[in-house]
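Source file: final.txt. Holds: compact mmCIF, C-alpha atoms and all ligand atoms.
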# COMPACT_ATOMS: atom_id res chain seq x y z
CA MET A 1 0.00 0.00 0.00
CA ARG A 2 1.35 3.41 -0.90
CA VAL A 3 0.68 6.10 1.64
CA MET A 4 1.62 9.76 1.36
CA ALA A 5 1.32 12.40 4.04
CA ILE A 6 0.08 15.94 3.74
CA VAL A 7 0.46 18.33 6.65
CA LEU A 8 -1.85 21.34 6.71
CA ALA A 9 0.23 24.25 7.90
CA GLY A 10 -1.53 27.25 6.45
CA GLY A 11 -3.50 28.28 9.52
CA GLU A 12 -3.37 31.91 10.50
CA GLY A 13 -3.46 31.39 14.25
CA LYS A 14 -5.25 34.69 15.01
CA ARG A 15 -5.89 33.63 18.60
CA LEU A 16 -2.14 33.30 19.17
CA MET A 17 -1.45 36.94 18.36
CA PRO A 18 1.07 38.54 18.97
CA LEU A 19 3.07 35.28 18.58
CA THR A 20 1.71 34.93 15.03
CA ALA A 21 2.32 38.55 14.00
CA ASP A 22 5.28 37.55 11.82
CA ARG A 23 4.96 33.81 11.53
CA ALA A 24 2.51 31.07 10.64
CA LYS A 25 1.03 29.24 13.60
CA PRO A 26 2.94 25.98 12.95
CA ALA A 27 6.19 27.98 13.10
CA VAL A 28 5.49 29.30 16.60
CA PRO A 29 8.34 28.20 18.91
CA PHE A 30 7.45 25.71 21.62
CA GLY A 31 9.18 24.08 24.57
CA GLY A 32 12.44 25.99 24.24
CA ILE A 33 13.86 24.39 21.12
CA TYR A 34 10.94 23.20 19.03
CA ARG A 35 8.41 24.71 16.68
CA LEU A 36 4.81 23.48 16.73
CA ILE A 37 5.21 21.72 13.38
CA ASP A 38 8.03 19.53 14.74
CA PHE A 39 5.50 17.43 16.68
CA VAL A 40 3.41 16.28 13.72
CA LEU A 41 6.49 15.84 11.52
CA SER A 42 8.23 13.78 14.22
CA ASN A 43 5.14 11.59 14.60
CA LEU A 44 5.08 10.93 10.86
CA ALA A 45 8.83 10.37 10.57
CA ASN A 46 8.95 8.05 13.60
CA GLY A 47 6.08 6.12 11.99
CA HIS A 48 8.25 5.81 8.85
CA TYR A 49 6.04 8.00 6.70
CA LEU A 50 8.82 9.80 4.94
CA GLN A 51 7.16 11.37 1.93
CA ILE A 52 5.59 14.46 3.40
CA VAL A 53 4.20 17.56 1.75
CA VAL A 54 3.58 20.57 3.98
CA LEU A 55 0.98 23.02 2.67
CA THR A 56 1.74 26.56 3.77
CA GLN A 57 0.14 29.87 3.00
CA TYR A 58 0.13 32.55 5.66
CA LYS A 59 3.42 34.29 6.63
CA ASN A 60 5.33 31.21 5.66
CA HIS A 61 8.88 32.54 5.68
CA SER A 62 10.08 31.27 9.06
CA LEU A 63 8.16 28.02 8.57
CA ASP A 64 9.79 27.35 5.20
CA ARG A 65 13.19 28.22 6.59
CA HIS A 66 12.75 25.93 9.58
CA ILE A 67 11.58 23.01 7.42
CA SER A 68 14.28 23.35 4.83
CA ARG A 69 17.03 23.71 7.43
CA THR A 70 15.84 21.00 9.80
CA TRP A 71 13.75 18.47 7.97
CA ARG A 72 16.21 17.09 5.47
CA LEU A 73 15.36 13.46 4.89
CA SER A 74 17.45 11.29 2.66
CA ALA A 75 16.52 12.28 -0.89
CA MET A 76 18.56 9.36 -2.18
CA LEU A 77 16.00 6.99 -0.65
CA GLY A 78 13.12 8.98 -2.13
CA ASN A 79 12.23 10.63 1.17
CA TYR A 80 11.27 14.27 1.52
CA VAL A 81 9.55 16.91 3.60
CA THR A 82 8.61 19.61 1.12
CA PRO A 83 6.97 22.89 2.04
CA VAL A 84 4.58 23.89 -0.73
CA PRO A 85 3.42 27.50 -0.57
CA ALA A 86 0.09 28.54 -2.07
CA GLN A 87 0.82 28.91 -5.76
CA GLN A 88 -2.50 30.05 -7.20
CA ARG A 89 -2.37 27.11 -9.62
CA LEU A 90 -6.09 27.28 -10.30
CA GLY A 91 -6.43 31.05 -10.65
CA PRO A 92 -5.55 34.21 -8.81
CA ARG A 93 -6.80 33.26 -5.35
CA TRP A 94 -5.42 32.05 -2.05
CA PHE A 95 -6.75 28.92 -0.37
CA ALA A 96 -10.32 29.48 0.75
CA GLY A 97 -10.09 26.81 3.47
CA SER A 98 -8.27 23.60 4.32
CA ALA A 99 -10.24 21.59 1.70
CA ASP A 100 -9.40 24.14 -0.96
CA ALA A 101 -5.73 23.89 0.04
CA LEU A 102 -5.91 20.16 -0.67
CA PHE A 103 -7.92 20.63 -3.85
CA GLN A 104 -5.47 23.16 -5.26
CA ASN A 105 -2.62 20.72 -4.60
CA LEU A 106 -4.17 17.55 -5.95
CA ASN A 107 -1.41 17.46 -8.57
CA LEU A 108 0.96 16.40 -5.76
CA VAL A 109 -1.32 13.45 -5.05
CA TYR A 110 -1.48 12.53 -8.76
CA ASP A 111 2.34 12.62 -8.83
CA GLU A 112 2.58 10.00 -6.06
CA LEU A 113 -0.49 7.87 -6.82
CA PRO A 114 -0.86 6.73 -3.22
CA ASP A 115 -3.61 4.33 -2.12
CA HIS A 116 -4.23 6.36 1.02
CA VAL A 117 -3.46 9.89 2.08
CA ILE A 118 -2.70 10.96 5.61
CA VAL A 119 -3.84 14.55 6.21
CA PHE A 120 -2.73 15.90 9.57
CA GLY A 121 -2.92 19.35 11.13
CA ALA A 122 0.22 21.08 12.31
CA ASP A 123 -0.68 22.77 15.52
CA HIS A 124 -0.89 20.21 18.28
CA ILE A 125 1.43 18.95 20.99
CA TYR A 126 1.29 15.17 21.19
CA ARG A 127 2.90 11.89 20.38
CA MET A 128 1.02 9.53 18.13
CA ASP A 129 2.03 6.48 16.15
CA PRO A 130 0.19 7.12 12.86
CA ARG A 131 0.78 3.55 11.68
CA GLN A 132 -1.83 2.26 14.14
CA MET A 133 -4.44 4.64 12.72
CA VAL A 134 -3.56 3.82 9.11
CA GLU A 135 -3.78 0.11 9.89
CA GLN A 136 -7.27 0.46 11.31
CA HIS A 137 -8.28 2.61 8.35
CA ILE A 138 -7.09 0.04 5.82
CA ASP A 139 -8.65 -2.90 7.70
CA SER A 140 -12.02 -1.18 7.94
CA GLY A 141 -12.13 -0.18 4.26
CA ALA A 142 -13.56 3.23 5.25
CA ASP A 143 -13.35 6.21 2.90
CA VAL A 144 -12.05 8.35 5.73
CA THR A 145 -10.92 7.73 9.27
CA VAL A 146 -10.92 10.63 11.74
CA ALA A 147 -8.77 10.59 14.88
CA ALA A 148 -10.75 11.52 17.96
CA ILE A 149 -10.25 12.24 21.63
CA ARG A 150 -12.56 13.05 24.50
CA GLN A 151 -12.61 16.74 25.46
CA PRO A 152 -14.63 18.83 27.92
CA LEU A 153 -18.15 19.69 26.70
CA GLY A 154 -17.42 23.40 27.27
CA LEU A 155 -14.85 23.33 24.45
CA SER A 156 -17.25 21.92 21.85
CA ASP A 157 -17.26 25.17 19.86
CA GLN A 158 -13.54 24.73 19.19
CA PHE A 159 -13.74 21.24 17.72
CA GLY A 160 -15.43 19.02 15.21
CA VAL A 161 -17.84 17.02 17.39
CA ILE A 162 -18.35 13.38 16.47
CA GLU A 163 -21.26 11.05 17.13
CA THR A 164 -20.90 7.34 16.49
CA ASP A 165 -23.10 4.28 16.21
CA PRO A 166 -23.21 1.89 19.20
CA THR A 167 -20.05 0.09 18.04
CA GLY A 168 -18.19 3.37 18.60
CA ARG A 169 -16.52 3.08 15.20
CA ARG A 170 -18.84 4.35 12.46
CA ILE A 171 -19.42 8.11 12.48
CA THR A 172 -23.11 8.98 12.31
CA ALA A 173 -22.78 12.75 12.70
CA PHE A 174 -19.96 15.27 12.49
CA ARG A 175 -20.64 18.89 13.37
CA GLU A 176 -17.92 21.50 13.11
CA LYS A 177 -17.64 23.66 16.24
CA PRO A 178 -21.28 23.46 17.39
CA LYS A 179 -22.46 25.73 20.18
CA ASP A 180 -25.23 23.36 21.29
CA ALA A 181 -23.37 20.04 21.61
CA VAL A 182 -24.57 17.53 24.20
CA GLY A 183 -22.30 15.31 26.23
CA LEU A 184 -21.58 11.66 25.65
CA PRO A 185 -24.10 9.13 26.99
CA ASP A 186 -21.49 7.58 29.30
CA SER A 187 -19.93 10.94 30.26
CA PRO A 188 -22.25 13.96 29.97
CA GLY A 189 -19.43 16.44 30.64
CA GLU A 190 -17.43 15.32 27.61
CA ILE A 191 -17.63 15.27 23.84
CA TYR A 192 -15.83 13.18 21.29
CA ALA A 193 -13.66 15.71 19.43
CA SER A 194 -11.94 15.44 16.08
CA MET A 195 -8.19 15.94 16.38
CA GLY A 196 -8.06 17.36 12.85
CA ASN A 197 -6.09 14.28 11.72
CA TYR A 198 -7.53 12.22 8.89
CA VAL A 199 -6.63 9.23 6.73
CA PHE A 200 -8.42 9.11 3.37
CA ARG A 201 -8.79 6.47 0.71
CA THR A 202 -7.24 8.48 -2.11
CA GLN A 203 -10.03 8.06 -4.65
CA ALA A 204 -12.73 8.92 -2.11
CA MET A 205 -10.81 12.05 -1.09
CA ILE A 206 -10.40 13.21 -4.68
CA GLU A 207 -14.10 12.72 -5.43
CA ALA A 208 -15.20 14.57 -2.29
CA LEU A 209 -12.83 17.48 -2.96
CA ARG A 210 -14.02 17.79 -6.55
CA GLU A 211 -17.67 17.78 -5.52
CA ASP A 212 -16.99 20.36 -2.82
CA ALA A 213 -15.10 22.60 -5.26
CA LEU A 214 -18.22 22.88 -7.42
CA ASP A 215 -20.40 23.98 -4.48
CA PRO A 216 -20.51 27.78 -4.33
CA GLY A 217 -22.13 27.64 -0.88
CA SER A 218 -19.26 25.64 0.67
CA LYS A 219 -16.56 27.13 2.87
CA HIS A 220 -14.21 24.50 1.43
CA ASP A 221 -13.24 23.40 4.90
CA LEU A 222 -12.33 19.81 5.80
CA GLY A 223 -14.10 19.82 9.16
CA GLY A 224 -16.99 22.02 8.02
CA ASN A 225 -17.72 20.45 4.64
CA ILE A 226 -15.70 17.42 3.49
CA ILE A 227 -16.00 15.22 6.59
CA PRO A 228 -19.76 15.87 7.04
CA MET A 229 -20.22 15.06 3.32
CA MET A 230 -18.36 11.76 3.71
CA VAL A 231 -20.25 10.95 6.91
CA LYS A 232 -23.49 11.39 5.00
CA ALA A 233 -22.21 9.00 2.34
CA GLY A 234 -21.84 6.45 5.16
CA SER A 235 -18.20 5.50 5.07
CA ALA A 236 -16.48 7.48 7.80
CA GLU A 237 -14.91 5.83 10.84
CA VAL A 238 -13.38 7.10 14.00
CA TYR A 239 -9.94 6.20 15.33
CA ASP A 240 -9.89 6.46 19.12
CA PHE A 241 -6.65 8.12 20.19
CA LYS A 242 -6.78 6.31 23.53
CA ASP A 243 -5.93 3.09 21.65
CA ASN A 244 -2.67 4.59 20.38
CA VAL A 245 0.40 3.30 22.14
CA VAL A 246 3.64 5.04 21.26
CA PRO A 247 6.86 3.10 21.83
CA GLY A 248 8.56 4.21 25.02
CA SER A 249 5.47 6.00 26.37
CA THR A 250 4.41 5.68 29.98
CA GLU A 251 1.04 5.23 31.64
CA ARG A 252 1.29 8.90 32.63
CA ASP A 253 1.90 10.53 29.28
CA ARG A 254 -0.15 8.15 27.13
CA GLY A 255 -3.06 9.89 25.46
CA TYR A 256 -1.59 13.38 25.91
CA TRP A 257 -2.82 15.78 23.23
CA ARG A 258 -3.01 19.54 23.43
CA ASP A 259 -4.57 21.89 20.98
CA VAL A 260 -2.56 25.08 21.46
CA GLY A 261 -4.96 27.31 19.55
CA THR A 262 -5.15 29.99 22.24
CA LEU A 263 -2.46 31.78 24.25
CA ASP A 264 -3.74 30.26 27.49
CA ALA A 265 -3.65 26.73 26.04
CA TYR A 266 -0.16 27.44 24.69
CA TYR A 267 0.95 28.60 28.14
CA ASP A 268 -0.65 25.63 29.90
CA ALA A 269 1.03 23.19 27.50
CA HIS A 270 4.38 24.66 28.60
CA MET A 271 3.51 24.24 32.23
CA ASP A 272 2.74 20.59 31.41
CA LEU A 273 6.40 20.18 30.48
CA ILE A 274 8.12 21.45 33.56
CA SER A 275 6.77 19.53 36.51
CA ALA A 276 8.95 16.87 38.09
CA HIS A 277 6.83 14.13 36.50
CA PRO A 278 5.58 15.84 33.36
CA VAL A 279 2.37 14.67 31.71
CA PHE A 280 4.13 15.25 28.41
CA ASN A 281 7.52 13.60 28.49
CA LEU A 282 10.14 15.07 26.17
CA TYR A 283 12.63 12.43 27.23
CA ASN A 284 11.21 9.46 25.33
CA ASP A 285 14.14 8.55 23.08
CA ARG A 286 12.18 5.77 21.39
CA TRP A 287 9.92 8.43 19.86
CA PRO A 288 12.12 11.53 19.62
CA ILE A 289 10.77 14.95 18.74
CA TYR A 290 13.17 16.20 16.10
CA THR A 291 14.13 19.81 15.66
CA GLY A 292 17.05 21.95 14.65
CA HIS A 293 18.75 24.93 16.17
CA ASP A 294 21.99 26.83 15.98
CA PRO A 295 25.15 25.26 17.37
CA LEU A 296 25.27 26.87 20.79
CA PRO A 297 27.45 26.32 23.84
CA PRO A 298 25.94 24.51 26.84
CA ALA A 299 23.80 26.40 29.35
CA LYS A 300 25.86 28.14 31.99
CA PHE A 301 25.05 29.05 35.59
CA VAL A 302 27.36 31.53 37.25
CA HIS A 303 27.89 33.30 40.53
CA ASN A 304 27.60 37.02 40.38
CA ASP A 305 28.17 39.83 42.86
CA GLY A 306 29.94 37.34 45.05
CA ASP A 307 26.82 36.03 46.81
CA ARG A 308 24.27 35.39 44.06
CA VAL A 309 24.22 31.92 42.57
CA GLY A 310 22.63 31.54 39.15
CA ARG A 311 19.88 28.93 39.56
CA ALA A 312 17.03 27.28 37.75
CA VAL A 313 14.46 25.11 39.55
CA ASP A 314 11.64 23.09 37.95
CA SER A 315 12.62 24.63 34.64
CA LEU A 316 13.73 23.67 31.14
CA VAL A 317 16.98 25.39 30.23
CA SER A 318 18.16 25.29 26.61
CA ALA A 319 21.65 25.51 25.20
CA GLY A 320 23.19 28.95 25.04
CA VAL A 321 21.38 30.18 28.17
CA ILE A 322 23.38 32.13 30.74
CA ILE A 323 21.99 32.58 34.24
CA SER A 324 24.35 35.00 35.83
CA GLY A 325 23.29 35.39 39.42
CA GLY A 326 19.59 35.27 38.42
CA LEU A 327 16.87 32.77 39.29
CA ALA A 328 14.44 30.86 37.07
CA LEU A 329 11.48 29.09 38.69
CA ARG A 330 9.01 26.86 36.83
CA SER A 331 9.98 28.39 33.49
CA VAL A 332 11.05 27.44 30.00
CA LEU A 333 14.19 29.24 28.82
CA SER A 334 14.94 29.02 25.10
CA PRO A 335 18.37 29.17 23.47
CA GLY A 336 20.37 32.32 24.10
CA VAL A 337 18.30 33.63 27.03
CA ILE A 338 20.30 35.66 29.58
CA LEU A 339 19.24 36.39 33.15
CA HIS A 340 21.38 39.03 34.79
CA SER A 341 22.04 39.20 38.50
CA HIS A 342 19.06 39.51 40.83
CA ALA A 343 16.76 38.93 37.86
CA GLN A 344 13.93 36.53 38.62
CA VAL A 345 11.71 34.70 36.16
CA GLU A 346 8.75 32.71 37.49
CA ASP A 347 6.13 30.55 35.73
CA SER A 348 7.16 31.99 32.37
CA VAL A 349 8.12 31.07 28.85
CA LEU A 350 11.07 33.00 27.43
CA MET A 351 11.83 32.53 23.76
CA GLY A 352 15.16 32.80 21.98
CA ASN A 353 17.64 35.51 23.03
CA VAL A 354 15.41 37.22 25.58
CA LYS A 355 17.51 39.25 27.99
CA VAL A 356 16.29 39.95 31.50
CA GLY A 357 18.06 42.90 33.08
CA ARG A 358 19.50 43.24 36.56
CA GLY A 359 16.90 43.01 39.28
CA ALA A 360 13.99 42.66 36.85
CA ILE A 361 11.17 40.30 37.82
CA VAL A 362 8.98 38.51 35.27
CA ARG A 363 5.93 36.52 36.41
CA ARG A 364 3.44 34.43 34.41
CA ALA A 365 4.57 35.77 31.05
CA ILE A 366 5.27 34.60 27.53
CA VAL A 367 8.10 36.68 26.10
CA ASP A 368 8.78 36.32 22.38
CA LYS A 369 12.22 36.37 20.76
CA ASN A 370 14.84 39.10 21.22
CA VAL A 371 12.90 41.13 23.79
CA VAL A 372 15.09 42.98 26.28
CA ILE A 373 13.51 43.40 29.71
CA PRO A 374 15.20 46.45 31.24
CA ASP A 375 16.93 46.49 34.63
CA GLY A 376 14.49 46.60 37.51
CA ALA A 377 11.34 46.10 35.36
CA ARG A 378 8.28 44.39 36.85
CA ILE A 379 6.18 42.27 34.49
CA GLY A 380 3.12 40.36 35.65
CA PHE A 381 2.64 42.27 38.93
CA ASP A 382 0.04 44.85 37.93
CA LEU A 383 -2.01 43.43 35.07
CA GLU A 384 -3.83 46.73 34.47
CA GLU A 385 -0.51 48.43 33.86
CA ASP A 386 0.73 45.50 31.75
CA ARG A 387 -2.43 45.61 29.65
CA GLU A 388 -1.57 49.16 28.53
CA ARG A 389 1.63 47.91 26.92
CA PHE A 390 1.21 44.21 26.23
CA ALA A 391 -1.39 41.55 25.54
CA VAL A 392 -2.82 39.94 28.68
CA THR A 393 -4.78 36.71 28.31
CA LYS A 394 -8.07 35.72 29.90
CA ASP A 395 -6.15 33.76 32.53
CA GLY A 396 -3.85 36.72 33.24
CA VAL A 397 -0.73 35.69 31.33
CA VAL A 398 1.24 38.67 29.98
CA VAL A 399 2.40 38.22 26.37
CA ILE A 400 5.18 40.36 24.93
CA GLY A 401 5.63 40.26 21.14
CA LYS A 402 8.85 39.61 19.24
CA ASN A 403 11.47 42.39 19.18
CA GLU A 404 9.28 44.62 21.32
CA ILE A 405 11.18 47.50 22.89
CA ILE A 406 10.38 47.99 26.55
CA ASP A 407 11.46 51.33 27.94
CA ARG A 408 11.41 50.62 31.62
P1 LIG B 1 -9.28 24.26 13.26
O1 LIG B 1 -7.89 24.05 13.73
O2 LIG B 1 -10.02 25.44 13.80
O3 LIG B 1 -10.15 22.94 13.48
P2 LIG B 1 -8.46 25.05 10.64
O4 LIG B 1 -8.29 26.47 11.04
O5 LIG B 1 -9.03 24.74 9.31
O6 LIG B 1 -9.34 24.28 11.67
O7 LIG B 1 -7.02 24.37 10.77
C1 LIG B 1 -6.80 22.97 10.55
C2 LIG B 1 -5.37 22.76 10.07
O8 LIG B 1 -5.31 23.23 8.73
C3 LIG B 1 -4.33 23.55 10.85
O9 LIG B 1 -3.15 22.77 10.94
C4 LIG B 1 -4.09 24.78 10.00
O10 LIG B 1 -2.75 25.23 10.14
C5 LIG B 1 -4.37 24.25 8.61
N1 LIG B 1 -5.00 25.20 7.68
C6 LIG B 1 -6.05 26.02 7.90
N2 LIG B 1 -6.35 26.73 6.81
C7 LIG B 1 -5.46 26.33 5.87
C8 LIG B 1 -5.23 26.71 4.52
N3 LIG B 1 -5.98 27.62 3.95
N4 LIG B 1 -4.18 26.14 3.88
C9 LIG B 1 -3.41 25.21 4.48
N5 LIG B 1 -3.59 24.82 5.74
C10 LIG B 1 -4.59 25.36 6.43
C11 LIG B 1 -9.68 21.69 12.99
C12 LIG B 1 -10.85 20.82 12.53
C13 LIG B 1 -11.73 20.46 13.72
C14 LIG B 1 -10.87 19.77 14.77
C15 LIG B 1 -9.73 20.71 15.17
C16 LIG B 1 -8.77 20.03 16.15
O11 LIG B 1 -11.60 21.51 11.53
O12 LIG B 1 -12.78 19.62 13.31
O13 LIG B 1 -11.64 19.45 15.91
O14 LIG B 1 -8.95 21.03 14.01
O15 LIG B 1 -7.89 20.98 16.67
Any chance you could give the structure as structure tokens?
Ligand code: ADQ
Amino acid sequence: MRVMAIVLAGGEGKRLMPLTADRAKPAVPFGGIYRLIDFVLSNLANGHYLQIVVLTQYKNHSLDRHISRTWRLSAMLGNYVTPVPAQQRLGPRWFAGSADALFQNLNLVYDELPDHVIVFGADHIYRMDPRQMVEQHIDSGADVTVAAIRQPLGLSDQFGVIETDPTGRRITAFREKPKDAVGLPDSPGEIYASMGNYVFRTQAMIEALREDALDPGSKHDLGGNIIPMMVKAGSAEVYDFKDNVVPGSTERDRGYWRDVGTLDAYYDAHMDLISAHPVFNLYNDRWPIYTGHDPLPPAKFVHNDGDRVGRAVDSLVSAGVIISGGLALRSVLSPGVILHSHAQVEDSVLMGNVKVGRGAIVRRAIVDKNVVIPDGARIGFDLEEDRERFAVTKDGVVVIGKNEIIDR
């Protein structure tokens, strides 16, 4: 069976602003050294799916650069990860939605002539062995298989909500982001949510995309149009993510999946990484998350002013970090971050090359690349004051955009 993989990476990520001011959502840095797209690409590569097309559209520069620098598979063996920007092949228009992105790139599918096509989203934090889903899909003979996970009922308007027949396998209804969803019979506080990961029988996918393209009333969206259409045709199955067992995973981190569509979810996913026994374990070397970054020296912790010891506790500290008499607590420090003496960073995510000046204190903040926090500054103490200068999320996390100049 020939299987090709398409990763949808054209999402705008409006709810992650200001982190998506200059970059596509899948290019947003995560966990110190990764970008969001590394998770789906690592899952595919670890599952030995090594012919991967990445569809990009919005602000794709840093995404393209990251993919072409990092994701170099052996071309000699016919493997590739190729970013394909929107090319207006079918006329002067951008992709209308995720289904249109696929439709406009069907030539890539014709080039490969696969039997099945994996179509995965690019903005989730998780480990998944895609082979187990593809196997179920092939065995069942379904036109499409949709990966699903239980989520709180209150989040139903963020997900495609799935209903199944009593066997739990055949999808009987699929509603994209409904406001009036009801809970599951065995768990009224939960819904069965689509993870935005699909496996299609190639011919069925092509036919559905063609039919959808002719419908002027369609939004040309996979979740909104294509999947409901295929459910109606009666050949859509669900793949339950709880059945997925990734090599090297533990009881604790099995089934972990985070949609990081909002700043608060993005922040919470970071906090999931730093506890002593993290629910998402980056240290599983049987299912590595691949990435690439500059060759940097090891992190360094130094005494300063004679009495101050540079320290980091319950934190992830990347290469190239220098903590010079400062203190990091429950934080993620990306490559090149510097904490000067008496600086304190708590419950925060600092991206590449952030500098925290002498005596400055940063609390519950996400600080994007290259920001310089001046000596003595206070961030995350007075949210009203912070709101005048920065974004502050619903849960009270201060977010400072890339390259922002802070004057005090
Ligand atoms: P959303 O994530 O809201 O819901 P969408 O914005 O279409 O749906 O994004 C899906 C994926 O497609 C993302 O990886 C995004 O980057 C990409 N994408 C979006 N528009 C694109 C375009 N024009 N070109 C290329 N790529 C594009 C989806 C499903 C829901 C499901 C959630 C799970 O529609 O049913 O529950 O994912 O998070």
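Atom CA of A:Lys402 to atom CA of A:Val28 spans 11.2 Å [interatomic distance, one decimal].
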Environment of ligand LIG 1 (chain B) within 8 Å, counting all atoms listed in the file, reported as a PyMOL selection string = chain A and resi 7-13+24-26+55-58+86+94-102+120-124+158-161+175-177+193-197+221-224+259+261
Spatial neighbours of A:His293, max dist 12 Å, only C-alpha atoms, sep filter under 3 positions, as a count of residues only = 21
ask   = Which polymer residues have any atom within 9 Å of an atom of A:Val182, counting only C-alpha atoms, with same-chain residues fewer than 2 positions away left out, as a list in words?
value = Leu153, Ser156, Asp180, Leu184, Pro185, Pro188, Gly189, Glu190 and Ile191 of chain A
ask   = If you count all atoms listed in the file, which residues fall within 9 Å of stretch 353-361 of chain A, apart from same-chain ones fewer than 2 positions away, as an MDAnalysis selection string?
value = chainID A and resid 320:321 326 333:346 350:351 363 367:381
If you keep C-alpha atoms, can you produce a file of those selected residues as a tab-separated table (two decimals), in the frame of the given file?
chain	number	residue	atom	x	y	z
A	320	GLY	CA	23.19	28.95	25.04
A	321	VAL	CA	21.38	30.18	28.17
A	326	GLY	CA	19.59	35.27	38.42
A	333	LEU	CA	14.19	29.24	28.82
A	334	SER	CA	14.94	29.02	25.10
A	335	PRO	CA	18.37	29.17	23.47
A	336	GLY	CA	20.37	32.32	24.10
A	337	VAL	CA	18.30	33.63	27.03
A	338	ILE	CA	20.30	35.66	29.58
A	339	LEU	CA	19.24	36.39	33.15
A	340	HIS	CA	21.38	39.03	34.79
A	341	SER	CA	22.04	39.20	38.50
A	342	HIS	CA	19.06	39.51	40.83
A	343	ALA	CA	16.76	38.93	37.86
A	344	GLN	CA	13.93	36.53	38.62
A	345	VAL	CA	11.71	34.70	36.16
A	346	GLU	CA	8.75	32.71	37.49
A	350	LEU	CA	11.07	33.00	27.43
A	351	MET	CA	11.83	32.53	23.76
A	363	ARG	CA	5.93	36.52	36.41
A	367	VAL	CA	8.10	36.68	26.10
A	368	ASP	CA	8.78	36.32	22.38
A	369	LYS	CA	12.22	36.37	20.76
A	370	ASN	CA	14.84	39.10	21.22
A	371	VAL	CA	12.90	41.13	23.79
A	372	VAL	CA	15.09	42.98	26.28
A	373	ILE	CA	13.51	43.40	29.71
A	374	PRO	CA	15.20	46.45	31.24
A	375	ASP	CA	16.93	46.49	34.63
A	376	GLY	CA	14.49	46.60	37.51
A	377	ALA	CA	11.34	46.10	35.36
A	378	ARG	CA	8.28	44.39	36.85
A	379	ILE	CA	6.18	42.27	34.49
A	380	GLY	CA	3.12	40.36	35.65
A	381	PHE	CA	2.64	42.27	38.93
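Here the question is which of A:Leu106, A:Ile6, A:Ala142, A:Val398 gets nearest to A:Val81 using only C-alpha atoms, and that residue is A:Ile6.
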ask   = Counting only C-alpha atoms, what is within 12 Å of stretch 244-256 of chain A, bar same-chain residues fewer than 2 positions away, as a ChimeraX atom specification?
value = /A:43,46-47,124-136,147-151,195,239-242,258-259,269,272-273,277-288
task = Please provide as number ranges by chain all residues within 7 Å of A:Asn79, with the sequence filter that same-chain residues fewer than 6 positions apart are discarded (counting only C-alpha atoms).
result = A: 50-51, 73
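When all atoms listed in the file are used to measure the gap to A:Arg169, the shortest distance among A:Met230, A:Val238, A:Met271, A:Ile400 belongs to A:Val238.
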note = Separating atom CA of A:Arg311 from atom CA of A:Arg389, to the nearest tenth of an Å, is a gap of 29.2 Å
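Reported to one decimal place, the separation of atom CA of A:Arg23 from atom CA of A:Lys59 is 5.2 Å.
With all atoms listed in the file as the atoms that count, the residue of A:Asp395, A:Glu404, A:Glu384, A:Asp186 with the shortest distance to A:Leu263 is A:Asp395.
The smallest atom-to-atom distance between A:Thr164 and any of A:Pro298, A:Gly310, A:Gly234, A:Pro18, using all atoms listed in the file, is found for A:Gly234.
You can rank A:Ile206, A:Ala276, A:Val144, A:Val349 by their closest distance to A:Ile366 using only C-alpha atoms, and at the top of that list sits A:Val349.
Distances to A:Ala204 were evaluated for A:Pro85, A:Gly31, A:Gly396, A:Gly141 using all atoms listed in the file, and the minimum falls at A:Gly141.
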Hey, can I get the axis-aligned box for stretch 149-164 of chain A? All listed atoms, 6 Å padding on each side, centre and edge lengths in Å to one decimal, as JSON.
{"center_x": -15.8, "center_y": 16.3, "center_z": 21.6, "size_x": 23.0, "size_y": 29.8, "size_z": 24.7}
Could you make a table, as CSV, of the residues of stretch 142-201 of chain A that have an atom within 12 Å of an atom of stretch 207-210 of chain A, each with its nearest atom pair and distance in Å to one decimal, counting all atoms listed in the file, in chain and number order?
residue,atom,partner,partner_atom,distance
A:Asp143,CA,A:Ala208,CA,10.0
A:Val144,CA,A:Ala208,CA,10.6
A:Phe200,CA,A:Ala208,CA,10.4
A:Arg201,CA,A:Glu207,CA,10.2
